[in-house]
>>> print(open('input-v4.cif').read())   # mmCIF, C-alpha atoms and all ligand atoms
data_query
#
loop_
_atom_site.label_atom_id
_atom_site.label_comp_id
_atom_site.auth_asym_id
_atom_site.auth_seq_id
_atom_site.Cartn_x
_atom_site.Cartn_y
_atom_site.Cartn_z
CA MET A 1 -16.79 3.59 -2.29
CA LYS A 2 -16.10 2.40 -5.80
CA CYS A 3 -12.68 1.06 -6.73
CA GLN A 4 -10.79 3.62 -8.89
CA VAL A 5 -9.18 0.87 -10.93
CA CYS A 6 -11.94 -1.64 -11.70
CA GLY A 7 -15.10 0.28 -10.75
CA SER A 8 -16.19 -2.61 -8.56
CA SER A 9 -16.29 -3.13 -4.79
CA CYS A 10 -12.60 -3.76 -3.88
CA LEU A 11 -12.66 -1.07 -1.18
CA LYS A 12 -14.24 -1.89 2.12
CA LYS A 13 -14.43 0.16 5.25
CA ALA A 14 -11.66 -0.62 7.72
CA ALA A 15 -13.96 -2.17 10.31
CA GLU A 16 -15.40 -4.58 7.77
CA ILE A 17 -12.04 -5.73 6.44
CA THR A 18 -10.32 -6.03 9.83
CA ARG A 19 -13.17 -8.02 11.36
CA GLN A 20 -12.43 -10.92 9.01
CA ARG A 21 -8.66 -10.74 9.27
CA GLU A 22 -8.20 -13.50 11.84
CA GLU A 23 -10.10 -16.26 10.07
CA ARG A 24 -9.71 -15.06 6.51
CA PHE A 25 -6.55 -17.10 5.82
CA SER A 26 -7.03 -19.91 8.35
CA PRO A 27 -7.82 -23.46 7.26
CA CYS A 28 -11.05 -25.08 8.44
CA PRO A 29 -10.92 -28.58 10.04
CA SER A 30 -11.64 -30.14 6.61
CA CYS A 31 -8.89 -28.25 4.76
CA ARG A 32 -5.92 -30.16 3.31
CA SER A 33 -2.46 -28.68 3.62
CA THR A 34 -0.20 -28.51 0.60
CA VAL A 35 3.37 -27.26 0.89
CA LEU A 36 5.38 -27.45 -2.33
CA ASN A 37 9.13 -27.36 -2.80
CA LYS A 38 9.59 -23.86 -4.29
CA GLN A 39 12.92 -24.85 -5.90
CA SER A 40 11.32 -27.43 -8.24
CA PRO A 41 8.49 -27.44 -10.77
CA PRO A 42 5.17 -28.14 -8.98
CA SER A 43 4.58 -31.85 -8.37
CA TYR A 44 0.88 -31.18 -8.37
CA ARG A 45 -2.27 -31.14 -10.51
CA SER A 46 -4.94 -28.54 -9.88
CA ARG A 47 -7.46 -29.54 -7.23
CA ALA A 48 -10.88 -28.25 -6.21
CA PRO A 49 -11.15 -25.98 -3.15
CA CYS A 50 -12.06 -27.41 0.25
CA SER A 51 -15.72 -28.44 0.07
CA ALA A 52 -16.45 -27.00 3.52
CA CYS A 53 -14.80 -23.52 3.35
CA GLU A 54 -14.00 -23.16 -0.38
CA LYS A 55 -10.40 -22.16 0.34
CA ARG A 56 -7.16 -23.57 -1.05
CA PRO A 57 -3.61 -23.51 0.32
CA LEU A 58 -1.48 -20.70 -1.15
CA ASP A 59 0.97 -23.11 -2.80
CA GLU A 60 -1.85 -24.69 -4.83
CA VAL A 61 -2.88 -21.26 -6.11
CA VAL A 62 0.69 -20.39 -7.11
CA ALA A 63 1.09 -23.82 -8.75
CA ASP A 64 -1.98 -23.07 -10.90
CA CYS A 65 -0.39 -19.77 -12.00
CA TRP A 66 2.84 -21.66 -12.78
CA THR A 67 0.96 -24.26 -14.87
CA ILE A 68 -0.83 -21.63 -16.97
CA MET A 69 2.42 -19.73 -17.49
CA ALA A 70 4.25 -22.91 -18.52
CA GLU A 71 1.47 -23.77 -20.97
CA GLU A 72 1.73 -20.29 -22.48
CA GLY A 73 5.51 -20.62 -22.80
CA ASP A 74 6.28 -17.96 -20.15
CA LEU A 75 8.15 -20.56 -18.09
CA ALA A 76 10.28 -23.57 -19.07
CA PRO A 77 8.83 -26.93 -17.95
CA THR A 78 11.81 -27.24 -15.61
CA ALA A 79 11.31 -23.79 -14.00
CA PRO A 80 10.88 -23.87 -10.21
CA VAL A 81 7.62 -22.78 -8.56
CA MET A 82 9.27 -19.64 -7.22
CA ALA A 83 10.10 -18.45 -10.77
CA ALA A 84 6.40 -17.85 -11.48
CA GLY A 85 6.11 -14.74 -9.33
CA ILE A 86 5.25 -13.25 -5.95
CA PRO A 87 1.80 -13.64 -4.42
CA LEU A 88 0.78 -10.57 -2.42
CA ILE A 89 -1.94 -11.45 0.00
CA HIS A 90 -5.06 -9.30 0.21
CA PRO A 91 -5.56 -7.98 2.76
CA GLY A 92 -1.92 -8.29 3.88
CA VAL A 93 -1.69 -9.38 7.51
CA ALA A 94 1.13 -10.82 9.60
CA LEU A 95 0.76 -14.58 9.16
CA THR A 96 1.75 -17.30 11.60
CA ALA A 97 1.03 -20.26 9.26
CA PRO A 98 0.83 -20.87 5.51
CA PRO A 99 -2.35 -19.08 4.37
CA HIS A 100 -5.45 -20.63 2.84
CA HIS A 101 -7.09 -18.51 0.18
CA GLY A 102 -10.64 -17.72 -0.81
CA GLU A 103 -11.84 -15.74 -3.80
CA ALA A 104 -9.97 -12.58 -4.86
CA SER A 105 -7.50 -12.76 -2.00
CA LEU A 106 -4.18 -12.09 -3.71
CA VAL A 107 -2.48 -9.99 -6.36
CA PHE A 108 0.11 -11.87 -8.41
CA LEU A 109 3.30 -10.03 -9.34
CA SER A 110 5.43 -11.67 -12.03
CA ARG A 111 8.39 -10.85 -14.25
CA PRO A 112 7.92 -13.57 -16.92
CA VAL A 113 4.11 -13.39 -17.18
CA THR A 114 2.63 -12.39 -20.55
CA GLN A 115 -0.78 -10.99 -21.43
CA ASN A 116 -2.31 -14.35 -22.47
CA ALA A 117 -1.25 -16.07 -19.29
CA ALA A 118 -2.43 -13.13 -17.15
CA ASP A 119 -5.87 -13.23 -18.78
CA ARG A 120 -6.12 -16.97 -18.22
CA ILE A 121 -4.96 -16.71 -14.59
CA VAL A 122 -7.60 -14.11 -13.72
CA ALA A 123 -10.29 -16.07 -15.60
CA ASN A 124 -9.42 -19.50 -14.16
CA VAL A 125 -7.77 -19.02 -10.76
CA PRO A 126 -10.48 -17.41 -8.60
CA GLU A 127 -8.14 -16.61 -5.70
CA VAL A 128 -6.16 -14.18 -7.91
CA LYS A 129 -7.79 -10.76 -8.18
CA GLY A 130 -5.16 -9.22 -10.46
CA VAL A 131 -1.95 -9.98 -12.33
CA VAL A 132 0.81 -7.37 -12.53
CA HIS A 133 3.82 -7.49 -14.84
CA ASP A 134 6.85 -6.67 -12.69
CA THR A 135 9.46 -4.71 -14.66
CA GLY A 136 12.04 -5.26 -11.92
CA LYS A 137 12.07 -1.58 -10.96
CA VAL A 138 10.48 -0.21 -7.81
CA PRO A 139 7.33 1.79 -8.70
CA GLY A 140 7.61 5.45 -7.79
CA ILE A 141 9.75 8.49 -8.48
CA ALA A 142 13.26 7.68 -9.70
CA GLU A 143 14.50 11.19 -10.38
CA THR A 144 13.09 14.68 -9.92
CA ASP A 145 15.71 16.88 -11.61
CA PRO A 146 15.75 18.20 -14.22
CA GLU A 147 12.64 16.31 -15.36
CA PRO A 148 10.68 13.83 -13.25
CA GLU A 149 11.37 10.19 -14.06
CA TYR A 150 9.26 7.45 -12.60
CA HIS A 151 8.42 3.77 -12.86
CA VAL A 152 5.15 1.90 -12.70
CA ASN A 153 4.54 -1.77 -13.23
CA THR A 154 1.75 -2.87 -15.59
CA LEU A 155 -1.59 -4.27 -14.55
CA LEU A 156 -2.27 -6.97 -17.17
CA ALA A 157 -5.56 -8.44 -15.96
CA GLY A 158 -8.12 -8.06 -13.18
CA CYS A 159 -7.62 -5.43 -10.47
CA ASP A 160 -4.43 -4.85 -8.48
CA VAL A 161 -5.93 -2.82 -5.65
CA ARG A 162 -5.10 -4.46 -2.34
CA ALA A 163 -4.82 -3.57 1.32
CA ASN A 164 -2.42 -4.06 4.22
CA ILE A 165 -3.62 -4.21 7.80
CA PHE A 166 -1.15 -2.96 10.41
CA GLU A 167 -1.74 -3.69 14.08
CA THR A 168 -1.12 -0.79 16.46
CA GLU A 169 -1.56 -0.10 20.18
CA GLU A 170 -4.80 1.68 19.24
CA ALA A 171 -6.95 0.37 16.37
CA PRO A 172 -5.68 -1.61 13.36
CA VAL A 173 -4.83 0.61 10.38
CA THR A 174 -6.03 -0.48 6.94
CA VAL A 175 -4.31 1.01 3.91
CA PHE A 176 -5.26 0.35 0.31
CA MET A 177 -3.01 0.91 -2.70
CA GLN A 178 -2.77 0.11 -6.38
CA GLN A 179 0.02 -2.47 -6.30
CA SER A 180 1.47 -1.73 -9.76
CA CYS A 181 2.12 1.85 -8.62
CA ALA A 182 3.37 1.20 -5.07
CA HIS A 183 6.48 -0.38 -3.59
CA ILE A 184 5.99 -3.67 -1.79
CA GLU A 185 5.31 -3.26 1.89
CA TYR A 186 3.94 -5.90 4.16
CA PRO A 187 2.85 -6.02 7.81
CA ARG A 188 5.25 -8.07 9.92
CA GLY A 189 3.35 -8.01 13.19
CA PHE A 190 5.97 -5.77 14.74
CA ASP A 191 6.56 -2.69 12.60
CA PRO A 192 9.24 -0.40 14.13
CA LYS A 193 8.24 2.66 12.07
CA LEU A 194 4.73 2.55 13.48
CA VAL A 195 6.04 2.22 17.02
CA ALA A 196 8.49 5.11 16.48
CA THR A 197 5.70 7.32 15.15
CA ALA A 198 3.35 6.57 18.04
CA THR A 199 6.17 7.15 20.55
CA GLU A 200 7.05 10.58 19.09
CA VAL A 201 3.40 11.65 19.01
CA ILE A 202 2.83 10.60 22.63
CA GLN A 203 6.00 12.42 23.69
CA HIS A 204 5.35 15.71 21.84
CA GLU A 205 1.52 15.88 21.84
CA PRO A 206 1.50 17.95 18.63
CA SER A 207 -1.40 20.17 17.63
CA VAL A 208 -0.11 20.20 14.06
CA PHE A 209 1.51 17.04 12.68
CA VAL A 210 2.98 16.63 9.19
CA ASP A 211 3.73 13.37 7.37
CA ALA A 212 5.91 14.92 4.68
CA ALA A 213 6.53 11.86 2.48
CA CYS A 214 3.44 9.92 3.41
CA GLY A 215 3.35 7.02 0.94
CA VAL A 216 -0.18 5.61 1.12
CA GLY A 217 -0.66 7.26 4.51
CA THR A 218 0.20 4.57 7.07
CA LEU A 219 2.28 6.67 9.48
CA GLY A 220 0.03 9.74 9.25
CA ILE A 221 -2.97 7.59 10.07
CA VAL A 222 -1.15 5.95 12.99
CA ALA A 223 -0.35 9.44 14.33
CA ALA A 224 -3.91 10.65 13.76
CA GLN A 225 -5.18 7.88 16.07
CA TYR A 226 -3.89 10.07 18.94
CA ASP A 227 -6.50 12.78 18.39
CA ILE A 228 -4.32 15.40 16.74
CA PRO A 229 -6.40 18.42 15.63
CA ARG A 230 -4.41 19.10 12.44
CA VAL A 231 -2.72 16.41 10.36
CA ILE A 232 -1.19 17.23 6.97
CA MET A 233 0.00 14.42 4.73
CA ASN A 234 1.95 14.92 1.54
CA ASP A 235 3.69 12.99 -1.20
CA ALA A 236 5.18 14.00 -4.55
CA TRP A 237 4.04 10.66 -6.00
CA GLY A 238 0.42 11.11 -7.04
CA TYR A 239 -0.45 7.44 -6.57
CA ALA A 240 0.65 7.78 -2.93
CA ALA A 241 -1.18 11.04 -2.25
CA TYR A 242 -4.39 9.83 -3.87
CA TRP A 243 -4.50 6.57 -1.93
CA THR A 244 -3.71 8.44 1.29
CA ALA A 245 -6.95 10.35 0.82
CA VAL A 246 -8.82 7.12 0.12
CA ASN A 247 -7.26 5.60 3.24
CA LEU A 248 -8.38 8.50 5.44
CA ASN A 249 -11.87 7.69 4.26
CA ILE A 250 -11.40 3.95 4.85
CA ASN A 251 -10.23 4.62 8.43
CA ARG A 252 -12.53 7.57 9.11
CA ASP A 253 -14.51 5.94 11.92
CA THR A 254 -11.47 5.18 14.09
CA LEU A 255 -10.05 8.66 13.32
CA GLY A 256 -13.30 10.46 14.17
CA LEU A 257 -13.69 11.96 10.71
CA GLU A 258 -17.08 12.65 9.21
CA GLY A 259 -16.00 12.38 5.62
CA VAL A 260 -13.31 13.14 3.06
CA GLU A 261 -13.70 15.68 0.25
CA MET A 262 -11.62 14.71 -2.79
CA HIS A 263 -10.35 17.54 -4.98
CA ILE A 264 -8.69 15.55 -7.76
CA ALA A 265 -9.61 12.64 -10.03
CA TYR A 266 -7.58 9.45 -10.36
CA ALA A 267 -7.24 10.12 -14.10
CA GLU A 268 -5.17 13.24 -13.30
CA VAL A 269 -2.69 11.13 -11.33
CA GLN A 270 -2.51 8.53 -14.11
CA GLU A 271 -1.83 11.24 -16.67
CA SER A 272 1.09 12.83 -14.82
CA PRO A 273 1.94 11.19 -11.47
CA VAL A 274 4.79 13.44 -10.25
CA ARG A 275 4.27 17.01 -8.96
CA LYS A 276 6.58 19.62 -7.50
CA GLU A 277 4.21 22.49 -6.73
CA PRO A 278 1.83 21.32 -3.99
CA ARG A 279 -1.72 20.60 -5.02
CA LYS A 280 -4.44 19.78 -2.52
CA VAL A 281 -5.85 16.27 -2.93
CA ALA A 282 -8.36 16.16 -0.09
CA ASP A 283 -9.78 17.74 3.05
CA ALA A 284 -11.21 15.71 5.89
CA PHE A 285 -13.14 17.11 8.81
CA GLY A 286 -14.25 15.74 12.16
CA ASP A 287 -15.07 17.05 15.62
CA GLY A 288 -12.48 19.87 15.98
CA LYS A 289 -10.26 18.19 13.39
CA HIS A 290 -9.06 19.23 9.97
CA TYR A 291 -6.85 16.84 8.01
CA GLU A 292 -5.38 17.57 4.60
CA VAL A 293 -3.66 15.58 1.87
CA TRP A 294 -1.27 17.30 -0.54
CA TRP A 295 0.53 16.18 -3.68
CA GLY A 296 3.90 17.90 -4.20
CA ASP A 297 7.57 18.26 -3.34
CA LEU A 298 8.04 18.33 0.42
CA HIS A 299 10.45 21.27 0.05
CA GLN A 300 7.67 23.39 -1.41
CA LEU A 301 5.13 22.39 1.22
CA ALA A 302 6.08 25.21 3.62
CA ASP A 303 4.08 27.58 1.39
CA VAL A 304 0.81 25.83 2.21
CA LEU A 305 1.41 24.66 5.78
CA PRO A 306 0.02 26.36 8.90
CA LYS A 307 2.37 29.01 10.39
CA SER A 308 3.55 26.69 13.10
CA VAL A 309 4.15 22.94 12.77
CA ASP A 310 4.88 20.99 15.96
CA LEU A 311 6.04 17.60 14.70
CA THR A 312 7.01 16.17 11.31
CA VAL A 313 7.82 12.63 10.22
CA ILE A 314 9.97 12.25 7.11
CA ASP A 315 10.00 8.68 5.85
CA LEU A 316 11.94 9.01 2.62
CA PHE A 317 12.49 6.11 0.33
CA GLY A 318 16.27 5.73 0.03
CA LYS A 319 17.10 6.47 3.65
CA GLU A 320 20.48 4.79 3.17
CA ASP A 321 21.57 7.98 1.38
CA ARG A 322 22.75 9.74 4.53
CA ALA A 323 23.76 12.97 2.84
CA LEU A 324 20.35 13.31 1.20
CA MET A 325 18.59 12.62 4.52
CA ALA A 326 20.72 15.13 6.41
CA ASP A 327 20.08 17.75 3.73
CA THR A 328 16.34 17.06 3.77
CA LEU A 329 16.13 17.37 7.57
CA HIS A 330 18.21 20.53 7.57
CA ARG A 331 16.08 22.18 4.90
CA TRP A 332 12.85 21.13 6.62
CA LYS A 333 14.00 22.62 9.93
CA ARG A 334 14.95 25.87 8.22
CA GLU A 335 11.82 26.15 6.05
CA THR A 336 9.19 24.76 8.43
CA GLY A 337 10.61 24.28 11.92
CA GLY A 338 9.29 22.21 14.81
CA GLU A 339 10.45 18.75 15.84
CA VAL A 340 11.38 16.38 13.01
CA PHE A 341 12.04 12.65 13.10
CA ILE A 342 12.92 9.82 10.75
CA PRO A 343 11.00 6.71 11.77
ZN ZN B 1 -10.69 -2.88 -8.00
ZN ZN B 2 -11.60 -25.81 4.48
#
>>> encode(input="input-v4.cif", output="structure tokens")
Amino acid sequence: MKCQVCGSSCLKKAAEITRQREERFSPCPSCRSTVLNKQSPPSYRSRAPCSACEKRPLDEVVADCWTIMAEEGDLAPTAPVMAAGIPLIHPGVALTAPPHHGEASLVFLSRPVTQNAADRIVANVPEVKGVVHDTGKVPGIAETDPEPEYHVNTLLAGCDVRANIFETEEAPVTVFMQQSCAHIEYPRGFDPKLVATATEVIQHEPSVFVDAACGVGTLGIVAAQYDIPRVIMNDAWGYAAYWTAVNLNINRDTLGLEGVEMHIAYAEVQESPVRKEPRKVADAFGDGKHYEVWWGDLHQLADVLPKSVDLTVIDLFGKEDRALMADTLHRWKRETGGEVFIP
């Protein structure tokens, strides 16, 4: 599996990436620990990685980013460490101690960073696999009517594809995404949405399950771990739908899928990332199973769904808008039917 963004080997099968998750960010007995005051400029000069394990504490990596940005004039010499940006660990796991980083193990998200600094960070700080300019807006669809409006952040250097690993009662779920085109989500060790999804699936034993606003596919994949014959995942945001298909492939062994047939190219998503009319992104088949990924408005999905749907999860961004949620649920029940839940 080639990475859609850099053409290199960022994507690894779930089993491979989860096997290393325990020790990946742990220090070895020879590691030093460095914890900086995030409210001040770094009181630190760049140091070589641990000679035994070649890792460095996270704060040293961020301090290097800060130093390059200060040299390039992106930050004032008095700026605190935390002003440099947000390190997003790759793969994201629930941590119990400050992480120690090896090569290409974080994506750096920053508001003040400029192109020159980003190039230098990726060239000189080996732990950083990509630098993203954060515009301050959440990537995704902002508005659908009358014309779709959306935001993406900008990848300035390297590759911003990273994964999160979520622990479940069954197998761990690994989901990849392109960070500049996805909202920030991070495993916390206890993730109530995952528990709610598993609970509903166990209770209703659906034959047909729909994840109507699937994001990069986490909840649909959690549900699919319970041997559901038909799982349909959909999102109007092309970057979500595309990575959902990739993530079915990444997790195919634990889901009992033989393979995933892709029907669209990443370039089509990049060209025009929002769709209303549903378009099929992928089919996946396994022993008695048929999973599908669609890219479109969830209110137009009824046209392409099987006649009867048993259970649907709707995990809309902006759940605090109660009227919108109530309207969405009501319309879904009328147009599609079956049990519906908000995780
Ligand atoms: Zn890549
Ligand atoms: Zn070490």
>>> closest_residue(input="input-v4.cif", among="A:Gln203, A:Ser26, A:Asn164, A:Thr78", to="Asn247 in chain A", atoms="all atoms listed in the file")
A:Asn164
>>> closest_residue(input="input-v4.cif", among="A:Val175, A:Ile165, A:Ala48, A:Val208", to="ligand ZN 2 (chain B)", atoms="all atoms listed in the file")
A:Ala48
>>> closest_residue(input="input-v4.cif", among="A:Val35, A:Ala163, A:Val61, A:Leu109", to="Lys12 in chain A", atoms="only C-alpha atoms")
A:Ala163
>>> residues_near_point(input="input-v4.cif", point="(-4.2, 11.2, 7.7)", cutoff="6 Å", atoms="only C-alpha atoms", output="list of chain:residue names")
A:Gly220, A:Ile221, A:Leu248
>>> residues_near_ligand(input="input-v4.cif", ligand="ligand ZN 1 (chain B)", cutoff="9 Å", atoms="all atoms listed in the file", output="list of chain:residue names")
A:Lys2, A:Cys3, A:Gln4, A:Val5, A:Cys6, A:Gly7, A:Ser8, A:Ser9, A:Cys10, A:Leu11, A:Lys129, A:Gly130, A:Gly158, A:Cys159, A:Asp160, A:Val161, A:Arg162, A:Gln178
>>> residues_near_ligand(input="input-v4.cif", ligand="ligand ZN 2 (chain B)", cutoff="12 Å", atoms="all atoms listed in the file", output="ChimeraX atom specification")
/A:23-33,48-57,99-102
>>> write_last_selection(input="input-v4.cif", atoms="C-alpha atoms", output="CSV table (one decimal), keeping the file's coordinate frame")
chain,number,residue,atom,x,y,z
A,23,GLU,CA,-10.1,-16.3,10.1
A,24,ARG,CA,-9.7,-15.1,6.5
A,25,PHE,CA,-6.6,-17.1,5.8
A,26,SER,CA,-7.0,-19.9,8.4
A,27,PRO,CA,-7.8,-23.5,7.3
A,28,CYS,CA,-11.0,-25.1,8.4
A,29,PRO,CA,-10.9,-28.6,10.0
A,30,SER,CA,-11.6,-30.1,6.6
A,31,CYS,CA,-8.9,-28.2,4.8
A,32,ARG,CA,-5.9,-30.2,3.3
A,33,SER,CA,-2.5,-28.7,3.6
A,48,ALA,CA,-10.9,-28.2,-6.2
A,49,PRO,CA,-11.2,-26.0,-3.2
A,50,CYS,CA,-12.1,-27.4,0.2
A,51,SER,CA,-15.7,-28.4,0.1
A,52,ALA,CA,-16.4,-27.0,3.5
A,53,CYS,CA,-14.8,-23.5,3.4
A,54,GLU,CA,-14.0,-23.2,-0.4
A,55,LYS,CA,-10.4,-22.2,0.3
A,56,ARG,CA,-7.2,-23.6,-1.0
A,57,PRO,CA,-3.6,-23.5,0.3
A,99,PRO,CA,-2.4,-19.1,4.4
A,100,HIS,CA,-5.4,-20.6,2.8
A,101,HIS,CA,-7.1,-18.5,0.2
A,102,GLY,CA,-10.6,-17.7,-0.8
>>> closest_atom_pairs(input="input-v4.cif", of="range 67-153 of chain A", to="range 316-325 of chain A", cutoff="12 Å", atoms="only C-alpha atoms", output="JSON lines")
{"residue": "A:Val138", "atom": "CA", "partner": "A:Phe317", "partner_atom": "CA", "distance": 10.5}
{"residue": "A:Pro139", "atom": "CA", "partner": "A:Phe317", "partner_atom": "CA", "distance": 11.3}
{"residue": "A:Gly140", "atom": "CA", "partner": "A:Phe317", "partner_atom": "CA", "distance": 9.5}
{"residue": "A:Ile141", "atom": "CA", "partner": "A:Phe317", "partner_atom": "CA", "distance": 9.5}
{"residue": "A:Ala142", "atom": "CA", "partner": "A:Phe317", "partner_atom": "CA", "distance": 10.2}
{"residue": "A:Glu143", "atom": "CA", "partner": "A:Gly318", "partner_atom": "CA", "distance": 11.9}
>>> residues_around(input="input-v4.cif", residues="Ile314 in chain A", least_positions_apart="3", cutoff="7 Å", atoms="all atoms listed in the file", output="list in words")
Asp211, Ala212, Ala213, Phe341 and Ile342 of chain A
>>> atom_distance(input="input-v4.cif", atom1="CA of Ser207 in chain A", atom2="CA of His330 in chain A")
22.0 Å
>>> residues_near_point(input="input-v4.cif", point="(10.3, 12.2, 16.9)", cutoff="10 Å", atoms="all atoms listed in the file", output="PDB file with C-alpha atoms, keeping the file's coordinate frame")
ATOM      1  CA  ALA A 196       8.490   5.110  16.480  1.00  0.00           C
ATOM      2  CA  THR A 197       5.700   7.320  15.150  1.00  0.00           C
ATOM      3  CA  ALA A 198       3.350   6.570  18.040  1.00  0.00           C
ATOM      4  CA  THR A 199       6.170   7.150  20.550  1.00  0.00           C
ATOM      5  CA  GLU A 200       7.050  10.580  19.090  1.00  0.00           C
ATOM      6  CA  VAL A 201       3.400  11.650  19.010  1.00  0.00           C
ATOM      7  CA  ILE A 202       2.830  10.600  22.630  1.00  0.00           C
ATOM      8  CA  GLN A 203       6.000  12.420  23.690  1.00  0.00           C
ATOM      9  CA  HIS A 204       5.350  15.710  21.840  1.00  0.00           C
ATOM     10  CA  LEU A 311       6.040  17.600  14.700  1.00  0.00           C
ATOM     11  CA  THR A 312       7.010  16.170  11.310  1.00  0.00           C
ATOM     12  CA  VAL A 313       7.820  12.630  10.220  1.00  0.00           C
ATOM     13  CA  ILE A 314       9.970  12.250   7.110  1.00  0.00           C
ATOM     14  CA  GLU A 339      10.450  18.750  15.840  1.00  0.00           C
ATOM     15  CA  VAL A 340      11.380  16.380  13.010  1.00  0.00           C
ATOM     16  CA  PHE A 341      12.040  12.650  13.100  1.00  0.00           C
ATOM     17  CA  ILE A 342      12.920   9.820  10.750  1.00  0.00           C
ATOM     18  CA  PRO A 343      11.000   6.710  11.770  1.00  0.00           C
TER      19      PRO A 343
END
>>> axis_aligned_box(input="input-v4.cif", around="range 140-158 of chain A", padding_each_side="4 Å", output="JSON")
{"center_x": 3.8, "center_y": 4.9, "center_z": -12.5, "size_x": 31.9, "size_y": 34.6, "size_z": 17.4}
>>> atom_distance(input="input-v4.cif", atom1="CA of Asp297 in chain A", atom2="CA of Val152 in chain A")
19.0 Å
>>> closest_residue(input="input-v4.cif", among="A:Ala70, A:Ile264, A:Val131, A:Val210", to="Ala302 in chain A", atoms="all atoms listed in the file")
A:Val210
